[in-house]
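In what follows, a structure is listed as structure tokens, so that the remarks can point back to it.
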Amino acid sequence: MEDTKSLAAAIAIGAGALGPALAIGLVGAAALIAMARNPKMAPTIQITMLLAVGFAEAIAIYALVMALIIKFV
């Protein structure tokens, strides 16, 4: 039973972190391209990028919480 919980938790955090990791990479790349094209807007783009990264990271944190619940409850 413990092995099954460990495997389920590993799959939950692995699958749950994959999407946010890809999203953060895409957001970062798009922000760098936008800042390179329009340097005057860099502070605004950077703030927007950080908000988007924060929202994407929240999904990974939810996946971590679910994995911990699966593992220890």
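Scheme for the structure tokens: letters A, B, ... for chains in order shown; per-chain residue numbers from 1; ligand numbers from 1 in order shown.
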Spatial neighbours of stretch 55-62 of chain A, max dist 6 Å, only C-alpha atoms, sep filter under 5 positions, as number ranges by chain = A: 16-17, 20
inquiry  = Give me, as a PyMOL selection string, all polymer residues having an atom no more than 10 Å from A:Val65, counting only C-alpha atoms and skipping those fewer than 5 positions away in the same chain.
reply    = chain A and resi 9+12-13+59-60+70-71
message = With only C-alpha atoms as the counted atoms, please give the residues lying no more than 12 Å from A:Ala8, apart from itself and same-chain residues fewer than 6 positions off, as a ChimeraX atom specification.
response = /A:1-2,14-16,63-64,66-72
For the residues selected in the previous step, produce a file with C-alpha atoms as a PDB file, in the first residue's frame.
```pdb
ATOM      1  CA  MET A   1       0.000   0.000   0.000  1.00  0.00           C
ATOM      2  CA  GLU A   2       2.836   2.388   0.845  1.00  0.00           C
ATOM      3  CA  GLY A  14       5.538  14.933 -12.018  1.00  0.00           C
ATOM      4  CA  ALA A  15       2.467  15.528 -14.129  1.00  0.00           C
ATOM      5  CA  GLY A  16       1.458  18.562 -12.102  1.00  0.00           C
ATOM      6  CA  ALA A  63       0.185  19.676  -7.387  1.00  0.00           C
ATOM      7  CA  LEU A  64       2.775  19.463  -4.607  1.00  0.00           C
ATOM      8  CA  MET A  66      -1.970  17.061  -3.620  1.00  0.00           C
ATOM      9  CA  ALA A  67       1.079  14.796  -3.808  1.00  0.00           C
ATOM     10  CA  LEU A  68       1.764  15.331  -0.103  1.00  0.00           C
ATOM     11  CA  ILE A  69      -1.864  14.579   0.733  1.00  0.00           C
ATOM     12  CA  ILE A  70      -1.716  11.376  -1.327  1.00  0.00           C
ATOM     13  CA  LYS A  71       1.548  10.340   0.319  1.00  0.00           C
ATOM     14  CA  PHE A  72       0.752  11.038   3.958  1.00  0.00           C
TER      15      PHE A  72
END
```
inquiry  = Please report the interatomic distance between atom CA of A:Ile45 and atom CA of A:Ala31 in Å with one decimal.
reply    =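 Calculated distance between atom CA of A:Ile45 and atom CA of A:Ala31 is 6.4 Å.
The interatomic distance for the pair atom CA of A:Leu26 and atom CA of A:Ala10 works out to 24.5 Å.
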note = Taken to one decimal, the atom CA of A:Arg37-atom CA of A:Leu22 distance is 22.8 Å
